[in-house]
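> Structure supplied as model-v7.csv; contents: CSV, C-alpha atoms.
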chain,number,residue,atom,x,y,z
B,1,MET,CA,-4.6,23.8,1.4
B,2,THR,CA,-3.8,21.0,3.7
B,3,THR,CA,-0.7,18.9,4.4
B,4,ASP,CA,-1.2,15.5,2.7
B,5,GLY,CA,-0.8,13.0,5.5
B,6,ALA,CA,-1.0,10.0,3.2
B,7,LEU,CA,2.3,10.8,1.7
B,8,ALA,CA,4.0,11.6,5.0
B,9,ARG,CA,5.8,8.2,5.4
B,10,LEU,CA,7.3,8.4,1.9
B,11,ILE,CA,8.3,12.0,2.3
B,12,ARG,CA,9.9,11.4,5.7
B,13,SER,CA,11.8,8.4,4.5
B,14,SER,CA,13.1,10.3,1.4
B,15,ALA,CA,14.0,13.3,3.5
B,16,ASP,CA,15.8,11.4,6.3
B,17,ALA,CA,19.5,11.7,5.3
B,18,THR,CA,20.5,9.2,8.0
B,19,ALA,CA,18.2,6.4,6.7
B,20,THR,CA,20.2,3.6,5.1
B,21,ALA,CA,19.2,1.5,2.1
B,22,ALA,CA,19.3,-1.6,4.4
B,23,ALA,CA,16.5,-0.1,6.5
B,24,GLU,CA,14.1,0.1,3.6
B,25,ARG,CA,11.8,-2.8,3.0
B,26,CYS,CA,9.1,-3.9,0.6
B,27,ASP,CA,5.8,-2.8,2.0
B,28,LEU,CA,4.2,-6.1,0.7
B,29,CYS,CA,6.6,-8.8,1.7
B,30,ALA,CA,9.2,-7.0,3.9
B,31,ALA,CA,12.1,-8.0,1.8
B,32,PRO,CA,15.0,-5.5,1.7
B,33,VAL,CA,14.9,-3.1,-1.3
B,34,ALA,CA,17.7,-1.5,-3.2
B,35,ASP,CA,18.2,2.3,-3.3
B,36,GLU,CA,16.5,2.3,-6.8
B,37,HIS,CA,13.3,0.3,-6.4
B,38,ALA,CA,9.8,0.3,-7.7
B,39,HIS,CA,6.8,1.9,-6.0
B,40,LEU,CA,3.1,0.9,-6.0
B,41,TYR,CA,0.2,3.3,-5.6
B,42,ASP,CA,-2.2,2.1,-3.0
B,43,THR,CA,-5.6,3.2,-4.4
B,44,GLU,CA,-7.4,2.6,-1.0
B,45,GLU,CA,-4.9,4.4,1.2
B,46,LYS,CA,-4.0,7.0,-1.5
B,47,GLU,CA,-0.3,6.6,-0.9
B,48,ALA,CA,2.9,5.2,-2.5
B,49,ARG,CA,4.3,1.9,-1.2
B,50,CYS,CA,7.9,0.6,-1.7
B,51,ALA,CA,8.1,-2.7,-3.7
B,52,CYS,CA,10.8,-5.2,-4.2
B,53,GLY,CA,11.5,-6.5,-7.7
B,54,PRO,CA,9.5,-9.7,-7.5
B,55,CYS,CA,6.5,-7.9,-5.9
B,56,SER,CA,6.5,-5.1,-8.5
B,57,VAL,CA,6.4,-7.8,-11.3
B,58,LEU,CA,3.1,-9.0,-9.9
B,59,PHE,CA,1.5,-5.6,-10.7
B,60,ALA,CA,3.1,-4.9,-14.1
B,61,GLY,CA,0.6,-4.4,-16.8
B,62,GLY,CA,-2.2,-3.5,-14.4
B,63,VAL,CA,-2.7,-7.0,-13.2
B,64,GLY,CA,-2.7,-8.3,-9.6
B,65,GLY,CA,-4.1,-7.0,-6.4
B,66,ASP,CA,-7.7,-6.7,-7.6
B,67,GLY,CA,-6.9,-3.1,-8.6
B,68,ARG,CA,-5.8,-2.0,-5.2
B,69,TYR,CA,-2.2,-1.5,-6.2
B,70,ARG,CA,-0.9,0.1,-9.3
B,71,LEU,CA,2.7,0.0,-10.4
B,72,ILE,CA,4.0,3.5,-10.7
B,73,PRO,CA,5.6,3.8,-14.1
B,74,ARG,CA,9.2,5.0,-14.7
B,75,ARG,CA,8.8,7.1,-17.8
B,76,ARG,CA,9.8,10.8,-17.9
B,77,ILE,CA,9.1,13.1,-20.8
B,78,ARG,CA,10.4,16.6,-21.0
B,79,LEU,CA,7.7,18.9,-22.5
B,80,PRO,CA,7.9,22.3,-24.2
B,81,LYS,CA,6.6,25.1,-22.1
B,82,VAL,CA,3.0,24.5,-20.9
B,83,ASP,CA,0.8,27.4,-19.9
B,84,THR,CA,-0.2,26.3,-16.4
B,85,GLU,CA,-1.5,29.8,-15.6
B,86,VAL,CA,-5.0,28.7,-16.8
B,87,LEU,CA,-5.1,26.4,-13.8
B,88,GLY,CA,-5.0,29.3,-11.4
B,89,VAL,CA,-2.1,28.0,-9.3
B,90,PRO,CA,-0.1,30.8,-7.7
B,91,VAL,CA,3.2,29.0,-7.2
B,92,GLY,CA,5.9,28.1,-9.7
B,93,LEU,CA,7.1,24.8,-8.2
B,94,VAL,CA,4.1,22.4,-8.4
B,95,PHE,CA,2.9,19.1,-9.8
B,96,PHE,CA,-0.5,18.3,-11.2
B,97,VAL,CA,-2.0,14.8,-10.7
B,98,PRO,CA,-5.1,13.8,-12.7
B,99,ARG,CA,-7.2,11.4,-10.6
B,100,ALA,CA,-9.3,8.4,-11.5
B,101,ASP,CA,-12.5,10.2,-10.4
B,102,GLY,CA,-11.9,13.0,-12.9
B,103,THR,CA,-10.5,15.6,-10.5
B,104,VAL,CA,-7.1,17.1,-10.8
B,105,THR,CA,-5.0,18.0,-7.8
B,106,ALA,CA,-2.1,20.5,-7.6
B,107,GLU,CA,0.5,19.7,-5.1
B,108,GLY,CA,3.4,22.0,-4.0
B,109,PRO,CA,6.3,21.4,-1.7
B,110,SER,CA,6.5,23.1,1.7
B,111,PRO,CA,8.7,22.7,4.8
B,112,ALA,CA,5.9,20.6,6.2
B,113,GLY,CA,5.6,18.3,3.2
B,114,ALA,CA,3.2,18.3,0.2
B,115,MET,CA,0.4,20.9,0.2
B,116,ARG,CA,-2.6,19.9,-2.0
B,117,TRP,CA,-5.5,21.7,-3.5
B,118,GLU,CA,-8.0,20.9,-6.3
B,119,VAL,CA,-7.8,22.6,-9.7
B,120,ASP,CA,-10.6,23.1,-12.1
B,121,ALA,CA,-11.0,19.9,-14.2
B,122,ALA,CA,-12.3,21.9,-17.2
B,123,ALA,CA,-9.2,24.1,-17.1
B,124,TRP,CA,-7.1,21.0,-17.1
B,125,GLN,CA,-8.9,19.7,-20.2
B,126,ARG,CA,-8.3,23.0,-22.0
B,127,MET,CA,-4.6,22.7,-21.1
B,128,VAL,CA,-4.5,19.1,-22.4
B,129,ALA,CA,-6.1,20.3,-25.7
B,130,ALA,CA,-3.2,22.8,-26.0
B,131,CYS,CA,-0.6,20.1,-25.1
B,132,PRO,CA,-1.8,16.7,-26.4
B,133,GLN,CA,1.0,14.9,-24.7
B,134,LEU,CA,-0.7,15.5,-21.4
B,135,ALA,CA,-3.6,13.2,-22.4
B,136,SER,CA,-1.2,10.3,-21.9
B,137,VAL,CA,-0.6,11.0,-18.2
B,138,GLU,CA,-1.8,8.0,-16.2
B,139,THR,CA,-4.3,8.9,-13.5
B,140,ASP,CA,-3.0,8.8,-9.9
B,141,VAL,CA,0.5,7.5,-10.8
B,142,GLU,CA,1.9,10.2,-13.2
B,143,ALA,CA,2.0,14.0,-12.9
B,144,LEU,CA,2.9,17.1,-14.8
B,145,LEU,CA,5.8,18.5,-12.8
B,146,VAL,CA,6.5,22.3,-13.3
B,147,ASN,CA,9.3,24.6,-12.0
B,148,THR,CA,9.1,28.2,-13.2
B,149,VAL,CA,10.8,29.6,-10.0
B,150,HIS,CA,13.6,32.2,-10.6
B,151,GLY,CA,12.9,32.3,-14.4
B,152,LEU,CA,13.3,28.5,-15.0
B,153,ASP,CA,11.2,26.7,-17.5
B,154,HIS,CA,10.9,23.0,-16.6
B,155,HIS,CA,7.8,21.0,-17.6
B,156,TRP,CA,7.9,17.2,-17.3
B,157,ILE,CA,5.6,14.2,-17.3
B,158,VAL,CA,7.0,12.1,-14.5
B,159,PRO,CA,6.1,9.3,-12.1
B,160,VAL,CA,4.5,10.6,-8.9
B,161,ASP,CA,7.4,9.2,-6.8
B,162,ASP,CA,9.7,11.7,-8.6
B,163,CYS,CA,7.4,14.4,-7.3
B,164,TYR,CA,7.5,13.1,-3.8
B,165,ARG,CA,11.4,13.0,-4.0
B,166,MET,CA,11.2,16.7,-5.0
B,167,VAL,CA,9.0,17.4,-2.0
B,168,ALA,CA,11.5,15.6,0.2
B,169,VAL,CA,14.4,17.8,-1.2
B,170,VAL,CA,12.5,21.0,-0.3
B,171,ARG,CA,11.6,19.7,3.2
B,172,ARG,CA,15.2,18.6,3.9
B,173,GLU,CA,16.8,21.8,2.7
B,174,TRP,CA,14.3,24.5,3.8
B,175,ARG,CA,15.6,26.8,6.5
B,176,GLY,CA,13.8,29.6,8.3
B,177,LEU,CA,10.7,31.4,6.9
B,178,SER,CA,11.9,32.0,3.3
B,179,GLY,CA,13.8,28.7,2.7
B,180,GLY,CA,17.3,30.0,3.2
B,181,GLY,CA,20.2,29.7,0.7
B,182,ARG,CA,20.2,25.9,0.3
B,183,VAL,CA,16.7,25.0,-0.9
B,184,TRP,CA,16.6,26.6,-4.4
B,185,PRO,CA,20.0,25.4,-5.5
B,186,ALA,CA,19.0,21.9,-4.3
B,187,VAL,CA,15.7,22.1,-6.3
B,188,GLU,CA,17.7,23.3,-9.4
B,189,ARG,CA,20.0,20.3,-9.0
B,190,PHE,CA,17.0,18.0,-8.8
B,191,PHE,CA,15.7,19.2,-12.1
B,192,GLU,CA,19.2,19.1,-13.7
B,193,ASP,CA,19.4,15.4,-12.7
B,194,LEU,CA,16.1,14.5,-14.4
B,195,THR,CA,16.6,12.5,-17.6
B,196,GLU,CA,14.1,11.3,-20.1
B,197,ARG,CA,13.3,7.6,-20.1
B,198,SER,CA,10.6,5.5,-21.5
Output the file's structure in the form of structure tokens.

Amino acid sequence: MTTDGALARLIRSSADATATAAAERCDLCAAPVADEHAHLYDTEEKEARCACGPCSVLFAGGVGGDGRYRLIPRRRIRLPKVDTEVLGVPVGLVFFVPRADGTVTAEGPSPAGAMRWEVDAAAWQRMVAACPQLASVETDVEALLVNTVHGLDHHWIVPVDDCYRMVAVVRREWRGLSGGGRVWPAVERFFEDLTERS
């Protein structure tokens, strides 16, 4: 497992409680962006980029940028319980991202940011066969987000920027070696605040 440096800037900006909305800018044109703004996935740099409204429109529907940037969708779908044990991931708070090259990565939050490892693609396909909704997950820009920590049972298809926000919550609230008393209530609030949207 390695810390995913490509996401460091997004995680740092999300975790920094002192950052103001005025300080955030579109990564393409440098225009200020609102608190709620779109993100683009940079396929060359393998990271998310902030985008203002006009710039995000340029990439809607998969057009623009010669394929380098992909608009991260906004949809969220709550799923019934998904048996992720077949993927061999030993943690209960994790997200799975199918990649354009056919691989699938599992990413889990840590005090240092997102930790990433590859899961067996054939096992992912078996899981998709058991839960056909997972076949609709868009490569690189959507994920299966799971939280089974402390007996919870959350399974969602979400945009990857939701996953990075969750990583930022863990990083911001973690204290000491075991996380302290703030991190798990904050994670539970994060999941309680998720709402379905198309």
> Please report the interatomic distance between CA of Ala30 in chain B and CA of Val169 in chain B in Å with one decimal.
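CA of Val169 in chain B lies 25.8 Å from CA of Ala30 in chain B.
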> Distance CA of Thr103 in chain B-CA of Asp66 in chain B, one decimal place?
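So the answer is 22.7 Å.
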> Could you work out how far CA of Gly53 in chain B lies from CA of Glu24 in chain B, giving the answer in Å with one decimal?
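Atom-to-atom, CA of Glu24 in chain B to CA of Gly53 in chain B, that is 13.3 Å.
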> Measuring between only C-alpha atoms, which one of B:Cys26, B:Leu71, B:Ile77, B:Val104 shows the shortest distance to Ser136 in chain B?
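Ranked by minimum distance to Ser136 in chain B, first place goes to B:Ile77.
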> Measuring between all atoms listed in the file, which one of B:Ala121, B:Met115, B:Leu177, B:Val141 shows the shortest distance to Glu47 in chain B?
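Nearest candidate to Glu47 in chain B out of B:Ala121, B:Met115, B:Leu177, B:Val141: B:Val141.
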> Taking (2.7, 0.8, -10.4) in the file's own coordinates, collect the residues within 8 Å, counting all atoms listed in the file, and hand them back as JSON, numbers by chain.
{"B": [38, 39, 40, 41, 56, 59, 60, 62, 69, 70, 71, 72, 73, 141]}
> Could you take the residues named above and write them with C-alpha atoms, as a PDB file, keeping the file's coordinate frame?

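Listing of again.pdb after writing:
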ATOM      1  CA  ALA B  38       9.800   0.300  -7.700  1.00  0.00           C
ATOM      2  CA  HIS B  39       6.800   1.900  -6.000  1.00  0.00           C
ATOM      3  CA  LEU B  40       3.100   0.900  -6.000  1.00  0.00           C
ATOM      4  CA  TYR B  41       0.200   3.300  -5.600  1.00  0.00           C
ATOM      5  CA  SER B  56       6.500  -5.100  -8.500  1.00  0.00           C
ATOM      6  CA  PHE B  59       1.500  -5.600 -10.700  1.00  0.00           C
ATOM      7  CA  ALA B  60       3.100  -4.900 -14.100  1.00  0.00           C
ATOM      8  CA  GLY B  62      -2.200  -3.500 -14.400  1.00  0.00           C
ATOM      9  CA  TYR B  69      -2.200  -1.500  -6.200  1.00  0.00           C
ATOM     10  CA  ARG B  70      -0.900   0.100  -9.300  1.00  0.00           C
ATOM     11  CA  LEU B  71       2.700   0.000 -10.400  1.00  0.00           C
ATOM     12  CA  ILE B  72       4.000   3.500 -10.700  1.00  0.00           C
ATOM     13  CA  PRO B  73       5.600   3.800 -14.100  1.00  0.00           C
ATOM     14  CA  VAL B 141       0.500   7.500 -10.800  1.00  0.00           C
TER      15      VAL B 141
END
> Nearest to Pro98 in chain B: which of B:Asp83, B:Ala114, B:Ala123, B:Arg74 is it, counting all atoms listed in the file?
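Among the listed residues, B:Ala123 lies closest to Pro98 in chain B.
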> Between B:Val158, B:Cys55, B:Trp174, B:Asp153, single out the one closest to Ser198 in chain B, counting only C-alpha atoms.
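With only C-alpha atoms as the atom set, the closest residue is B:Val158.
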> Quick one: everything within 9 Å of range 178-184 of chain B, counting all atoms listed in the file, minus sequence neighbours fewer than 6 positions away in the same chain. Send it as a VMD selection string.
chain B and resid 111 149 to 150 169 to 172
> Would you be able to write out as a list in words which residues have an atom within 6 Å of (4.9, 15.4, -19.9) in the file's coordinates, counting all atoms listed in the file?
Ile77, Arg78, Leu79, Leu134, Leu144, Trp156 and Ile157 of chain B
> Give the answer as one residue: which of B:Leu87, B:Ala106, B:Ala186, B:Cys163 has the shortest atom-to-atom distance to Gln125 in chain B, using all atoms listed in the file?
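Smallest separation from Gln125 in chain B among the options: B:Leu87.
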> Pick the closest to Gly92 in chain B from B:Cys52, B:Leu58, B:Leu145, B:Leu194: which is it, counting all atoms listed in the file?
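The shortest atom-to-atom distance to Gly92 in chain B comes from B:Leu145.
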> Take range 38-49 of chain B, model all heavy atoms, and hand the result over as a PDB file, in the frame of the given file.

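Contents of part-v3.pdb, as written:
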ATOM      1  N   ALA B  38      11.096  -0.044  -7.185  1.00  0.00           N
ATOM      2  CA  ALA B  38       9.800   0.300  -7.700  1.00  0.00           C
ATOM      3  C   ALA B  38       8.873   0.784  -6.569  1.00  0.00           C
ATOM      4  O   ALA B  38       9.117   0.502  -5.392  1.00  0.00           O
ATOM      5  CB  ALA B  38       9.161  -0.873  -8.419  1.00  0.00           C
ATOM      6  N   HIS B  39       7.821   1.486  -6.963  1.00  0.00           N
ATOM      7  CA  HIS B  39       6.800   1.900  -6.000  1.00  0.00           C
ATOM      8  C   HIS B  39       5.423   1.508  -6.576  1.00  0.00           C
ATOM      9  O   HIS B  39       5.214   1.488  -7.790  1.00  0.00           O
ATOM     10  CB  HIS B  39       6.821   3.403  -5.766  1.00  0.00           C
ATOM     11  CG  HIS B  39       8.008   3.833  -4.993  1.00  0.00           C
ATOM     12  ND1 HIS B  39       9.110   4.421  -5.587  1.00  0.00           N
ATOM     13  CD2 HIS B  39       8.302   3.756  -3.677  1.00  0.00           C
ATOM     14  CE1 HIS B  39      10.017   4.685  -4.649  1.00  0.00           C
ATOM     15  NE2 HIS B  39       9.546   4.295  -3.485  1.00  0.00           N
ATOM     16  N   LEU B  40       4.513   1.202  -5.682  1.00  0.00           N
ATOM     17  CA  LEU B  40       3.100   0.900  -6.000  1.00  0.00           C
ATOM     18  C   LEU B  40       2.258   2.023  -5.445  1.00  0.00           C
ATOM     19  O   LEU B  40       2.541   2.538  -4.367  1.00  0.00           O
ATOM     20  CB  LEU B  40       2.689  -0.419  -5.431  1.00  0.00           C
ATOM     21  CG  LEU B  40       3.461  -1.663  -5.842  1.00  0.00           C
ATOM     22  CD1 LEU B  40       3.015  -2.863  -5.012  1.00  0.00           C
ATOM     23  CD2 LEU B  40       3.283  -1.948  -7.322  1.00  0.00           C
ATOM     24  N   TYR B  41       1.192   2.369  -6.164  1.00  0.00           N
ATOM     25  CA  TYR B  41       0.200   3.300  -5.600  1.00  0.00           C
ATOM     26  C   TYR B  41      -0.925   2.530  -5.034  1.00  0.00           C
ATOM     27  O   TYR B  41      -1.551   1.710  -5.713  1.00  0.00           O
ATOM     28  CB  TYR B  41      -0.275   4.258  -6.740  1.00  0.00           C
ATOM     29  CG  TYR B  41      -1.278   5.264  -6.241  1.00  0.00           C
ATOM     30  CD1 TYR B  41      -0.856   6.345  -5.472  1.00  0.00           C
ATOM     31  CD2 TYR B  41      -2.628   5.141  -6.519  1.00  0.00           C
ATOM     32  CE1 TYR B  41      -1.768   7.271  -4.986  1.00  0.00           C
ATOM     33  CE2 TYR B  41      -3.546   6.063  -6.051  1.00  0.00           C
ATOM     34  CZ  TYR B  41      -3.113   7.132  -5.287  1.00  0.00           C
ATOM     35  OH  TYR B  41      -4.015   8.044  -4.808  1.00  0.00           O
ATOM     36  N   ASP B  42      -1.166   2.738  -3.765  1.00  0.00           N
ATOM     37  CA  ASP B  42      -2.200   2.100  -3.000  1.00  0.00           C
ATOM     38  C   ASP B  42      -3.512   2.897  -3.223  1.00  0.00           C
ATOM     39  O   ASP B  42      -3.630   3.981  -2.659  1.00  0.00           O
ATOM     40  CB  ASP B  42      -1.860   1.945  -1.563  1.00  0.00           C
ATOM     41  CG  ASP B  42      -2.871   1.190  -0.728  1.00  0.00           C
ATOM     42  OD1 ASP B  42      -4.063   1.157  -1.093  1.00  0.00           O
ATOM     43  OD2 ASP B  42      -2.469   0.629   0.317  1.00  0.00           O
ATOM     44  N   THR B  43      -4.440   2.405  -4.033  1.00  0.00           N
ATOM     45  CA  THR B  43      -5.600   3.200  -4.400  1.00  0.00           C
ATOM     46  C   THR B  43      -6.586   3.328  -3.177  1.00  0.00           C
ATOM     47  O   THR B  43      -7.393   4.259  -3.161  1.00  0.00           O
ATOM     48  CB  THR B  43      -6.395   2.550  -5.543  1.00  0.00           C
ATOM     49  OG1 THR B  43      -6.791   1.224  -5.192  1.00  0.00           O
ATOM     50  CG2 THR B  43      -5.529   2.521  -6.789  1.00  0.00           C
ATOM     51  N   GLU B  44      -6.512   2.443  -2.189  1.00  0.00           N
ATOM     52  CA  GLU B  44      -7.400   2.600  -1.000  1.00  0.00           C
ATOM     53  C   GLU B  44      -6.818   3.579  -0.020  1.00  0.00           C
ATOM     54  O   GLU B  44      -7.537   4.407   0.515  1.00  0.00           O
ATOM     55  CB  GLU B  44      -7.544   1.205  -0.324  1.00  0.00           C
ATOM     56  CG  GLU B  44      -8.428   0.259  -1.095  1.00  0.00           C
ATOM     57  CD  GLU B  44      -8.653  -1.055  -0.362  1.00  0.00           C
ATOM     58  OE1 GLU B  44      -8.335  -1.150   0.847  1.00  0.00           O
ATOM     59  OE2 GLU B  44      -9.139  -1.989  -1.012  1.00  0.00           O
ATOM     60  N   GLU B  45      -5.525   3.493   0.250  1.00  0.00           N
ATOM     61  CA  GLU B  45      -4.900   4.400   1.200  1.00  0.00           C
ATOM     62  C   GLU B  45      -4.422   5.695   0.602  1.00  0.00           C
ATOM     63  O   GLU B  45      -3.996   6.612   1.305  1.00  0.00           O
ATOM     64  CB  GLU B  45      -3.708   3.686   1.903  1.00  0.00           C
ATOM     65  CG  GLU B  45      -4.106   2.436   2.666  1.00  0.00           C
ATOM     66  CD  GLU B  45      -5.016   2.728   3.842  1.00  0.00           C
ATOM     67  OE1 GLU B  45      -4.838   3.774   4.483  1.00  0.00           O
ATOM     68  OE2 GLU B  45      -5.914   1.904   4.105  1.00  0.00           O
ATOM     69  N   LYS B  46      -4.417   5.776  -0.737  1.00  0.00           N
ATOM     70  CA  LYS B  46      -4.000   7.000  -1.500  1.00  0.00           C
ATOM     71  C   LYS B  46      -2.549   7.354  -1.135  1.00  0.00           C
ATOM     72  O   LYS B  46      -2.236   8.504  -0.845  1.00  0.00           O
ATOM     73  CB  LYS B  46      -4.906   8.167  -1.182  1.00  0.00           C
ATOM     74  CG  LYS B  46      -6.372   7.890  -1.368  1.00  0.00           C
ATOM     75  CD  LYS B  46      -6.725   7.769  -2.805  1.00  0.00           C
ATOM     76  CE  LYS B  46      -8.235   7.756  -2.986  1.00  0.00           C
ATOM     77  NZ  LYS B  46      -8.733   6.653  -3.758  1.00  0.00           N
ATOM     78  N   GLU B  47      -1.663   6.340  -1.170  1.00  0.00           N
ATOM     79  CA  GLU B  47      -0.300   6.600  -0.900  1.00  0.00           C
ATOM     80  C   GLU B  47       0.622   5.640  -1.684  1.00  0.00           C
ATOM     81  O   GLU B  47       0.165   4.605  -2.164  1.00  0.00           O
ATOM     82  CB  GLU B  47       0.044   6.542   0.589  1.00  0.00           C
ATOM     83  CG  GLU B  47      -0.134   5.183   1.212  1.00  0.00           C
ATOM     84  CD  GLU B  47       0.131   5.202   2.715  1.00  0.00           C
ATOM     85  OE1 GLU B  47       0.429   6.279   3.274  1.00  0.00           O
ATOM     86  OE2 GLU B  47       0.058   4.153   3.332  1.00  0.00           O
ATOM     87  N   ALA B  48       1.885   6.020  -1.802  1.00  0.00           N
ATOM     88  CA  ALA B  48       2.900   5.200  -2.500  1.00  0.00           C
ATOM     89  C   ALA B  48       3.457   4.175  -1.519  1.00  0.00           C
ATOM     90  O   ALA B  48       3.639   4.475  -0.337  1.00  0.00           O
ATOM     91  CB  ALA B  48       3.974   6.050  -3.087  1.00  0.00           C
ATOM     92  N   ARG B  49       3.750   2.994  -2.033  1.00  0.00           N
ATOM     93  CA  ARG B  49       4.300   1.900  -1.200  1.00  0.00           C
ATOM     94  C   ARG B  49       5.621   1.437  -1.928  1.00  0.00           C
ATOM     95  O   ARG B  49       5.658   1.315  -3.144  1.00  0.00           O
ATOM     96  CB  ARG B  49       3.391   0.722  -1.135  1.00  0.00           C
ATOM     97  CG  ARG B  49       2.018   1.040  -0.618  1.00  0.00           C
ATOM     98  CD  ARG B  49       1.963   0.817   0.840  1.00  0.00           C
ATOM     99  NE  ARG B  49       0.603   0.973   1.343  1.00  0.00           N
ATOM    100  CZ  ARG B  49       0.365   1.251   2.583  1.00  0.00           C
ATOM    101  NH1 ARG B  49       1.326   1.385   3.441  1.00  0.00           N
ATOM    102  NH2 ARG B  49      -0.872   1.387   3.002  1.00  0.00           N
TER     103      ARG B  49
END
